[in-house]
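Have a look at coords07.txt below; it lists compact mmCIF, N, CA and C atoms.
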```
# COMPACT_ATOMS: atom_id res chain seq x y z
N MET H 1 0.84 -1.18 0.00
CA MET H 1 0.00 0.00 0.00
C MET H 1 0.89 1.24 0.00
N SER H 2 0.51 2.20 -0.80
CA SER H 2 1.31 3.39 -0.98
C SER H 2 0.70 4.58 -0.24
N THR H 3 1.58 5.36 0.36
CA THR H 3 1.12 6.57 1.03
C THR H 3 0.54 7.57 0.03
N LYS H 4 1.09 7.57 -1.18
CA LYS H 4 0.58 8.48 -2.21
C LYS H 4 -0.89 8.21 -2.50
N GLY H 5 -1.27 6.94 -2.56
CA GLY H 5 -2.66 6.57 -2.78
C GLY H 5 -3.56 7.06 -1.66
N PHE H 6 -3.07 6.97 -0.42
CA PHE H 6 -3.87 7.44 0.70
C PHE H 6 -3.99 8.95 0.72
N VAL H 7 -2.99 9.66 0.20
CA VAL H 7 -3.10 11.11 0.09
C VAL H 7 -4.20 11.46 -0.90
N PHE H 8 -4.25 10.76 -2.05
CA PHE H 8 -5.32 10.99 -3.02
C PHE H 8 -6.68 10.72 -2.40
N ILE H 9 -6.77 9.65 -1.61
CA ILE H 9 -8.04 9.31 -0.96
C ILE H 9 -8.42 10.39 0.05
N LEU H 10 -7.46 10.86 0.83
CA LEU H 10 -7.73 11.89 1.83
C LEU H 10 -8.21 13.18 1.18
N LEU H 11 -7.55 13.60 0.11
CA LEU H 11 -7.98 14.81 -0.60
C LEU H 11 -9.37 14.62 -1.23
N GLY H 12 -9.59 13.45 -1.83
CA GLY H 12 -10.90 13.18 -2.44
C GLY H 12 -12.01 13.15 -1.41
N ALA H 13 -11.74 12.56 -0.25
CA ALA H 13 -12.76 12.50 0.80
C ALA H 13 -13.05 13.90 1.35
N THR H 14 -12.03 14.74 1.42
CA THR H 14 -12.23 16.11 1.86
C THR H 14 -13.13 16.86 0.88
N LEU H 15 -12.86 16.67 -0.41
CA LEU H 15 -13.70 17.31 -1.42
C LEU H 15 -15.11 16.71 -1.42
N GLU H 16 -15.22 15.44 -1.05
CA GLU H 16 -16.55 14.83 -0.95
C GLU H 16 -17.37 15.56 0.10
N CYS H 17 -16.74 15.88 1.21
CA CYS H 17 -17.43 16.66 2.25
C CYS H 17 -17.88 18.00 1.69
N GLY H 18 -17.03 18.61 0.87
CA GLY H 18 -17.38 19.90 0.26
C GLY H 18 -18.58 19.80 -0.65
N TRP H 19 -18.63 18.74 -1.47
CA TRP H 19 -19.79 18.68 -2.38
C TRP H 19 -21.06 18.25 -1.67
N VAL H 20 -20.94 17.49 -0.58
CA VAL H 20 -22.13 17.15 0.19
C VAL H 20 -22.76 18.42 0.76
N TYR H 21 -21.92 19.28 1.32
CA TYR H 21 -22.44 20.54 1.84
C TYR H 21 -22.87 21.47 0.73
N GLY H 22 -22.20 21.41 -0.41
CA GLY H 22 -22.61 22.22 -1.54
C GLY H 22 -24.00 21.84 -2.02
N LEU H 23 -24.30 20.54 -2.06
CA LEU H 23 -25.64 20.11 -2.47
C LEU H 23 -26.70 20.58 -1.49
N LYS H 24 -26.31 20.67 -0.23
CA LYS H 24 -27.27 21.06 0.80
C LYS H 24 -27.48 22.58 0.85
N HIS H 25 -26.42 23.36 0.62
CA HIS H 25 -26.49 24.79 0.90
C HIS H 25 -26.33 25.70 -0.31
N SER H 26 -26.07 25.19 -1.51
CA SER H 26 -25.85 26.06 -2.67
C SER H 26 -27.10 26.84 -3.02
N THR H 27 -26.90 28.13 -3.32
CA THR H 27 -28.04 28.99 -3.65
C THR H 27 -27.85 29.78 -4.94
N ASN H 28 -26.62 29.83 -5.46
CA ASN H 28 -26.39 30.60 -6.69
C ASN H 28 -25.47 29.81 -7.63
N ALA H 29 -25.25 30.35 -8.81
CA ALA H 29 -24.50 29.65 -9.85
C ALA H 29 -23.05 29.38 -9.43
N LEU H 30 -22.41 30.31 -8.75
CA LEU H 30 -21.03 30.12 -8.32
C LEU H 30 -20.93 28.95 -7.34
N GLU H 31 -21.83 28.91 -6.38
CA GLU H 31 -21.82 27.82 -5.40
C GLU H 31 -22.10 26.48 -6.06
N TRP H 32 -23.03 26.45 -7.02
CA TRP H 32 -23.30 25.21 -7.75
C TRP H 32 -22.10 24.81 -8.59
N GLY H 33 -21.40 25.78 -9.16
CA GLY H 33 -20.20 25.48 -9.93
C GLY H 33 -19.10 24.90 -9.06
N LEU H 34 -18.91 25.47 -7.87
CA LEU H 34 -17.93 24.92 -6.94
C LEU H 34 -18.32 23.51 -6.48
N THR H 35 -19.61 23.29 -6.30
CA THR H 35 -20.08 21.96 -5.92
C THR H 35 -19.77 20.96 -7.04
N ALA H 36 -20.04 21.33 -8.28
CA ALA H 36 -19.74 20.44 -9.41
C ALA H 36 -18.24 20.18 -9.51
N PHE H 37 -17.42 21.21 -9.28
CA PHE H 37 -15.96 21.03 -9.27
C PHE H 37 -15.55 20.03 -8.21
N CYS H 38 -16.13 20.14 -7.02
CA CYS H 38 -15.80 19.21 -5.93
C CYS H 38 -16.20 17.78 -6.28
N VAL H 39 -17.35 17.61 -6.92
CA VAL H 39 -17.80 16.26 -7.32
C VAL H 39 -16.81 15.64 -8.29
N VAL H 40 -16.50 16.37 -9.35
CA VAL H 40 -15.62 15.84 -10.40
C VAL H 40 -14.23 15.57 -9.85
N THR H 41 -13.68 16.52 -9.10
CA THR H 41 -12.32 16.36 -8.58
C THR H 41 -12.26 15.25 -7.54
N SER H 42 -13.29 15.13 -6.72
CA SER H 42 -13.34 14.07 -5.72
C SER H 42 -13.27 12.69 -6.36
N PHE H 43 -14.08 12.47 -7.37
CA PHE H 43 -14.07 11.17 -8.03
C PHE H 43 -12.79 10.94 -8.83
N PHE H 44 -12.23 12.00 -9.41
CA PHE H 44 -10.97 11.88 -10.14
C PHE H 44 -9.85 11.44 -9.19
N LEU H 45 -9.77 12.06 -8.02
CA LEU H 45 -8.74 11.68 -7.06
C LEU H 45 -8.96 10.26 -6.55
N PHE H 46 -10.21 9.88 -6.38
CA PHE H 46 -10.52 8.51 -5.97
C PHE H 46 -10.03 7.51 -7.02
N MET H 47 -10.24 7.82 -8.29
CA MET H 47 -9.78 6.93 -9.35
C MET H 47 -8.25 6.90 -9.43
N LEU H 48 -7.60 8.03 -9.18
CA LEU H 48 -6.14 8.04 -9.16
C LEU H 48 -5.59 7.15 -8.06
N ALA H 49 -6.29 7.07 -6.96
CA ALA H 49 -5.83 6.25 -5.83
C ALA H 49 -5.75 4.78 -6.20
N PHE H 50 -6.55 4.34 -7.18
CA PHE H 50 -6.52 2.93 -7.59
C PHE H 50 -5.17 2.51 -8.15
N ARG H 51 -4.37 3.46 -8.62
CA ARG H 51 -3.04 3.13 -9.12
C ARG H 51 -2.11 2.68 -7.99
N TYR H 52 -2.40 3.11 -6.78
CA TYR H 52 -1.48 2.88 -5.67
C TYR H 52 -2.05 2.00 -4.56
N VAL H 53 -3.36 1.90 -4.50
CA VAL H 53 -4.03 1.16 -3.43
C VAL H 53 -5.06 0.24 -4.07
N GLY H 54 -5.26 -0.94 -3.51
CA GLY H 54 -6.26 -1.86 -4.02
C GLY H 54 -7.66 -1.25 -3.97
N ALA H 55 -8.52 -1.69 -4.86
CA ALA H 55 -9.86 -1.12 -4.97
C ALA H 55 -10.67 -1.28 -3.69
N SER H 56 -10.60 -2.45 -3.06
CA SER H 56 -11.41 -2.67 -1.86
C SER H 56 -10.95 -1.77 -0.71
N VAL H 57 -9.64 -1.64 -0.53
CA VAL H 57 -9.12 -0.78 0.52
C VAL H 57 -9.43 0.68 0.21
N ALA H 58 -9.24 1.08 -1.05
CA ALA H 58 -9.52 2.46 -1.44
C ALA H 58 -10.97 2.81 -1.18
N TYR H 59 -11.88 1.91 -1.54
CA TYR H 59 -13.31 2.18 -1.34
C TYR H 59 -13.64 2.32 0.14
N ILE H 60 -13.13 1.41 0.95
CA ILE H 60 -13.43 1.43 2.38
C ILE H 60 -12.91 2.72 3.01
N VAL H 61 -11.67 3.07 2.70
CA VAL H 61 -11.09 4.27 3.31
C VAL H 61 -11.78 5.53 2.78
N TYR H 62 -12.07 5.58 1.49
CA TYR H 62 -12.72 6.75 0.89
C TYR H 62 -14.10 6.99 1.50
N THR H 63 -14.91 5.96 1.56
CA THR H 63 -16.26 6.13 2.13
C THR H 63 -16.19 6.36 3.64
N GLY H 64 -15.25 5.69 4.30
CA GLY H 64 -15.10 5.88 5.74
C GLY H 64 -14.69 7.30 6.08
N LEU H 65 -13.69 7.83 5.37
CA LEU H 65 -13.25 9.20 5.62
C LEU H 65 -14.32 10.21 5.23
N GLY H 66 -14.98 9.98 4.12
CA GLY H 66 -16.06 10.89 3.71
C GLY H 66 -17.15 10.95 4.76
N THR H 67 -17.54 9.79 5.26
CA THR H 67 -18.56 9.73 6.31
C THR H 67 -18.06 10.40 7.58
N LEU H 68 -16.82 10.12 7.93
CA LEU H 68 -16.23 10.71 9.12
C LEU H 68 -16.23 12.23 9.04
N PHE H 69 -15.82 12.77 7.90
CA PHE H 69 -15.77 14.22 7.75
C PHE H 69 -17.17 14.84 7.81
N VAL H 70 -18.11 14.23 7.12
CA VAL H 70 -19.46 14.80 7.10
C VAL H 70 -20.12 14.71 8.47
N VAL H 71 -20.04 13.55 9.11
CA VAL H 71 -20.67 13.40 10.42
C VAL H 71 -19.92 14.24 11.46
N GLY H 72 -18.59 14.29 11.36
CA GLY H 72 -17.81 15.13 12.27
C GLY H 72 -18.19 16.59 12.14
N ALA H 73 -18.38 17.03 10.91
CA ALA H 73 -18.79 18.43 10.70
C ALA H 73 -20.18 18.68 11.25
N GLU H 74 -21.07 17.72 11.09
CA GLU H 74 -22.42 17.86 11.65
C GLU H 74 -22.38 17.94 13.17
N ILE H 75 -21.55 17.10 13.79
CA ILE H 75 -21.42 17.13 15.25
C ILE H 75 -20.85 18.48 15.69
N ALA H 76 -19.81 18.94 15.01
CA ALA H 76 -19.22 20.24 15.35
C ALA H 76 -20.23 21.37 15.17
N GLU H 77 -21.01 21.30 14.10
CA GLU H 77 -22.03 22.33 13.84
C GLU H 77 -23.08 22.35 14.95
N SER H 78 -23.51 21.17 15.39
CA SER H 78 -24.51 21.13 16.45
C SER H 78 -23.93 21.61 17.78
N LEU H 79 -22.66 21.32 18.04
CA LEU H 79 -22.04 21.81 19.27
C LEU H 79 -21.86 23.32 19.24
N MET H 80 -21.51 23.86 18.06
CA MET H 80 -21.33 25.31 17.92
C MET H 80 -22.67 26.04 18.08
N ALA H 81 -23.75 25.40 17.70
CA ALA H 81 -25.07 26.01 17.82
C ALA H 81 -25.63 25.89 19.24
N GLY H 82 -24.87 25.25 20.13
CA GLY H 82 -25.31 25.12 21.51
C GLY H 82 -26.17 23.90 21.76
N GLU H 83 -26.36 23.10 20.74
CA GLU H 83 -27.13 21.87 20.90
C GLU H 83 -26.19 20.77 21.40
N GLY H 84 -26.73 19.79 22.04
CA GLY H 84 -25.92 18.66 22.48
C GLY H 84 -25.75 17.66 21.35
N THR H 85 -24.97 16.65 21.61
CA THR H 85 -24.83 15.57 20.64
C THR H 85 -25.01 14.25 21.37
N GLU H 86 -25.39 13.25 20.63
CA GLU H 86 -25.67 11.95 21.22
C GLU H 86 -24.36 11.21 21.46
N PRO H 87 -24.16 10.65 22.66
CA PRO H 87 -22.92 9.93 22.95
C PRO H 87 -22.67 8.75 22.01
N TRP H 88 -23.73 8.05 21.61
CA TRP H 88 -23.55 6.92 20.70
C TRP H 88 -23.03 7.37 19.35
N ARG H 89 -23.48 8.53 18.91
CA ARG H 89 -23.02 9.05 17.62
C ARG H 89 -21.52 9.33 17.67
N VAL H 90 -21.07 9.95 18.75
CA VAL H 90 -19.64 10.23 18.93
C VAL H 90 -18.87 8.92 19.01
N PHE H 91 -19.39 7.94 19.74
CA PHE H 91 -18.74 6.65 19.87
C PHE H 91 -18.53 5.99 18.51
N PHE H 92 -19.56 5.99 17.67
CA PHE H 92 -19.45 5.33 16.37
C PHE H 92 -18.55 6.10 15.41
N VAL H 93 -18.51 7.41 15.52
CA VAL H 93 -17.57 8.19 14.70
C VAL H 93 -16.14 7.83 15.10
N LEU H 94 -15.89 7.73 16.39
CA LEU H 94 -14.54 7.34 16.85
C LEU H 94 -14.20 5.92 16.43
N THR H 95 -15.18 5.02 16.45
CA THR H 95 -14.95 3.66 15.99
C THR H 95 -14.62 3.63 14.50
N LEU H 96 -15.33 4.42 13.72
CA LEU H 96 -15.04 4.53 12.30
C LEU H 96 -13.64 5.05 12.06
N MET H 97 -13.24 6.06 12.81
CA MET H 97 -11.91 6.62 12.67
C MET H 97 -10.84 5.57 13.00
N ALA H 98 -11.06 4.81 14.05
CA ALA H 98 -10.11 3.76 14.43
C ALA H 98 -10.01 2.70 13.32
N GLY H 99 -11.11 2.37 12.69
CA GLY H 99 -11.09 1.41 11.60
C GLY H 99 -10.30 1.90 10.40
N VAL H 100 -10.46 3.16 10.05
CA VAL H 100 -9.72 3.73 8.91
C VAL H 100 -8.24 3.75 9.21
N VAL H 101 -7.87 4.14 10.42
CA VAL H 101 -6.46 4.16 10.81
C VAL H 101 -5.91 2.73 10.84
N GLY H 102 -6.72 1.79 11.29
CA GLY H 102 -6.30 0.39 11.32
C GLY H 102 -6.05 -0.18 9.94
N ILE H 103 -6.87 0.20 8.98
CA ILE H 103 -6.66 -0.28 7.60
C ILE H 103 -5.37 0.26 7.04
N LYS H 104 -5.08 1.53 7.33
CA LYS H 104 -3.84 2.14 6.83
C LYS H 104 -2.63 1.43 7.44
N GLY H 105 -2.73 1.07 8.72
CA GLY H 105 -1.60 0.44 9.40
C GLY H 105 -1.45 -1.04 9.13
N ALA H 106 -2.47 -1.68 8.58
CA ALA H 106 -2.41 -3.12 8.33
C ALA H 106 -1.44 -3.44 7.20
N ARG H 107 -0.77 -4.52 7.34
CA ARG H 107 0.15 -4.98 6.28
C ARG H 107 -0.59 -5.95 5.37
N SER H 108 -0.33 -5.86 4.07
CA SER H 108 -1.01 -6.78 3.15
C SER H 108 -0.13 -7.96 2.85
```

Show the structure stored in the file as structure tokens.
Amino acid sequence: MSTKGFVFILLGATLECGWVYGLKHSTNALEWGLTAFCVVTSFFLFMLAFRYVGASVAYIVYTGLGTLFVVGAEIAESLMAGEGTEPWRVFFVLTLMAGVVGIKGARS
């Protein structure tokens, strides 16, 4: 497994978070354009990762990180708004993070 592949996955998952929020909050042409850019670039980086990381590992890490970023941002947003968060939700986000780190550290 190559670190370069995981960098592509990390960047793609970050952009995935961007387009998820873009789909939710876009209101004008510029925001929709940035959302489309994030979608295309996210998938392009994901496909580049296949050159360095196996497809099954790339998919698991990409979806895991994307979910982690989106749910983490939602938790942070609710905490910033003064709302509480559910302990089970935090527990499962931490479990997901541990799984992604474990996959990176595993030897093939």

Legend entry - Straight-line distance linking atom C of Thr41 of chain H with atom N of Ala81 of chain H, stated in Å to one decimal: 29.5 Å

Inset, instruction - Mind listing the helix (DSSP H, G or I) residues of segment 42-98 of chain H, per DSSP on the backbone, as a ChimeraX atom specification? - result: /H:42-49,55-80,87-98

Inset, instruction - Kindly give the distance, in Å, that separates atom CA of Val70 of chain H and atom CA of Ala13 of chain H, rounded to a single decimal. - result: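 One can read the atom CA of Val70 of chain H to atom CA of Ala13 of chain H distance as 9.5 Å.
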
Legend entry - Pick from H:Gly5, H:Ile75, H:Glu16, H:Val101, whichever lies nearest to Val53 of chain H using all atoms listed in the file: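 Distance minimum relative to Val53 of chain H lands on H:Gly5.
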
Legend entry - Straight-line distance linking atom CA of Ser2 of chain H with atom CA of Trp19 of chain H, stated in Å to one decimal: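 According to the coordinates, atom CA of Ser2 of chain H and atom CA of Trp19 of chain H are separated by 26.1 Å.
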
Got a moment to write segment 35-79 of chain H out with N, CA and C atoms, as a CSV table (one decimal), in the first residue's frame?
```
chain,number,residue,atom,x,y,z
H,35,THR,N,-19.6,23.3,-6.3
H,35,THR,CA,-20.1,22.0,-5.9
H,35,THR,C,-19.8,21.0,-7.0
H,36,ALA,N,-20.0,21.3,-8.3
H,36,ALA,CA,-19.7,20.4,-9.4
H,36,ALA,C,-18.2,20.2,-9.5
H,37,PHE,N,-17.4,21.2,-9.3
H,37,PHE,CA,-16.0,21.0,-9.3
H,37,PHE,C,-15.6,20.0,-8.2
H,38,CYS,N,-16.1,20.1,-7.0
H,38,CYS,CA,-15.8,19.2,-5.9
H,38,CYS,C,-16.2,17.8,-6.3
H,39,VAL,N,-17.4,17.6,-6.9
H,39,VAL,CA,-17.8,16.3,-7.3
H,39,VAL,C,-16.8,15.6,-8.3
H,40,VAL,N,-16.5,16.4,-9.4
H,40,VAL,CA,-15.6,15.8,-10.4
H,40,VAL,C,-14.2,15.6,-9.8
H,41,THR,N,-13.7,16.5,-9.1
H,41,THR,CA,-12.3,16.4,-8.6
H,41,THR,C,-12.3,15.2,-7.5
H,42,SER,N,-13.3,15.1,-6.7
H,42,SER,CA,-13.3,14.1,-5.7
H,42,SER,C,-13.3,12.7,-6.4
H,43,PHE,N,-14.1,12.5,-7.4
H,43,PHE,CA,-14.1,11.2,-8.0
H,43,PHE,C,-12.8,10.9,-8.8
H,44,PHE,N,-12.2,12.0,-9.4
H,44,PHE,CA,-11.0,11.9,-10.1
H,44,PHE,C,-9.8,11.4,-9.2
H,45,LEU,N,-9.8,12.1,-8.0
H,45,LEU,CA,-8.7,11.7,-7.1
H,45,LEU,C,-9.0,10.3,-6.6
H,46,PHE,N,-10.2,9.9,-6.4
H,46,PHE,CA,-10.5,8.5,-6.0
H,46,PHE,C,-10.0,7.5,-7.0
H,47,MET,N,-10.2,7.8,-8.3
H,47,MET,CA,-9.8,6.9,-9.3
H,47,MET,C,-8.3,6.9,-9.4
H,48,LEU,N,-7.6,8.0,-9.2
H,48,LEU,CA,-6.1,8.0,-9.2
H,48,LEU,C,-5.6,7.1,-8.1
H,49,ALA,N,-6.3,7.1,-7.0
H,49,ALA,CA,-5.8,6.3,-5.8
H,49,ALA,C,-5.8,4.8,-6.2
H,50,PHE,N,-6.5,4.3,-7.2
H,50,PHE,CA,-6.5,2.9,-7.6
H,50,PHE,C,-5.2,2.5,-8.1
H,51,ARG,N,-4.4,3.5,-8.6
H,51,ARG,CA,-3.0,3.1,-9.1
H,51,ARG,C,-2.1,2.7,-8.0
H,52,TYR,N,-2.4,3.1,-6.8
H,52,TYR,CA,-1.5,2.9,-5.7
H,52,TYR,C,-2.0,2.0,-4.6
H,53,VAL,N,-3.4,1.9,-4.5
H,53,VAL,CA,-4.0,1.2,-3.4
H,53,VAL,C,-5.1,0.2,-4.1
H,54,GLY,N,-5.3,-0.9,-3.5
H,54,GLY,CA,-6.3,-1.9,-4.0
H,54,GLY,C,-7.7,-1.3,-4.0
H,55,ALA,N,-8.5,-1.7,-4.9
H,55,ALA,CA,-9.9,-1.1,-5.0
H,55,ALA,C,-10.7,-1.3,-3.7
H,56,SER,N,-10.6,-2.4,-3.1
H,56,SER,CA,-11.4,-2.7,-1.9
H,56,SER,C,-10.9,-1.8,-0.7
H,57,VAL,N,-9.6,-1.6,-0.5
H,57,VAL,CA,-9.1,-0.8,0.5
H,57,VAL,C,-9.4,0.7,0.2
H,58,ALA,N,-9.2,1.1,-1.1
H,58,ALA,CA,-9.5,2.5,-1.4
H,58,ALA,C,-11.0,2.8,-1.2
H,59,TYR,N,-11.9,1.9,-1.5
H,59,TYR,CA,-13.3,2.2,-1.3
H,59,TYR,C,-13.6,2.3,0.1
H,60,ILE,N,-13.1,1.4,1.0
H,60,ILE,CA,-13.4,1.4,2.4
H,60,ILE,C,-12.9,2.7,3.0
H,61,VAL,N,-11.7,3.1,2.7
H,61,VAL,CA,-11.1,4.3,3.3
H,61,VAL,C,-11.8,5.5,2.8
H,62,TYR,N,-12.1,5.6,1.5
H,62,TYR,CA,-12.7,6.8,0.9
H,62,TYR,C,-14.1,7.0,1.5
H,63,THR,N,-14.9,6.0,1.6
H,63,THR,CA,-16.3,6.1,2.1
H,63,THR,C,-16.2,6.4,3.6
H,64,GLY,N,-15.3,5.7,4.3
H,64,GLY,CA,-15.1,5.9,5.7
H,64,GLY,C,-14.7,7.3,6.1
H,65,LEU,N,-13.7,7.8,5.4
H,65,LEU,CA,-13.2,9.2,5.6
H,65,LEU,C,-14.3,10.2,5.2
H,66,GLY,N,-15.0,10.0,4.1
H,66,GLY,CA,-16.1,10.9,3.7
H,66,GLY,C,-17.2,10.9,4.8
H,67,THR,N,-17.5,9.8,5.3
H,67,THR,CA,-18.6,9.7,6.3
H,67,THR,C,-18.1,10.4,7.6
H,68,LEU,N,-16.8,10.1,7.9
H,68,LEU,CA,-16.2,10.7,9.1
H,68,LEU,C,-16.2,12.2,9.0
H,69,PHE,N,-15.8,12.8,7.9
H,69,PHE,CA,-15.8,14.2,7.7
H,69,PHE,C,-17.2,14.8,7.8
H,70,VAL,N,-18.1,14.2,7.1
H,70,VAL,CA,-19.5,14.8,7.1
H,70,VAL,C,-20.1,14.7,8.5
H,71,VAL,N,-20.0,13.6,9.1
H,71,VAL,CA,-20.7,13.4,10.4
H,71,VAL,C,-19.9,14.2,11.5
H,72,GLY,N,-18.6,14.3,11.4
H,72,GLY,CA,-17.8,15.1,12.3
H,72,GLY,C,-18.2,16.6,12.1
H,73,ALA,N,-18.4,17.0,10.9
H,73,ALA,CA,-18.8,18.4,10.7
H,73,ALA,C,-20.2,18.7,11.3
H,74,GLU,N,-21.1,17.7,11.1
H,74,GLU,CA,-22.4,17.9,11.6
H,74,GLU,C,-22.4,17.9,13.2
H,75,ILE,N,-21.5,17.1,13.8
H,75,ILE,CA,-21.4,17.1,15.2
H,75,ILE,C,-20.9,18.5,15.7
H,76,ALA,N,-19.8,18.9,15.0
H,76,ALA,CA,-19.2,20.2,15.3
H,76,ALA,C,-20.2,21.4,15.2
H,77,GLU,N,-21.0,21.3,14.1
H,77,GLU,CA,-22.0,22.3,13.8
H,77,GLU,C,-23.1,22.3,14.9
H,78,SER,N,-23.5,21.2,15.4
H,78,SER,CA,-24.5,21.1,16.5
H,78,SER,C,-23.9,21.6,17.8
H,79,LEU,N,-22.7,21.3,18.0
H,79,LEU,CA,-22.0,21.8,19.3
H,79,LEU,C,-21.9,23.3,19.2
```
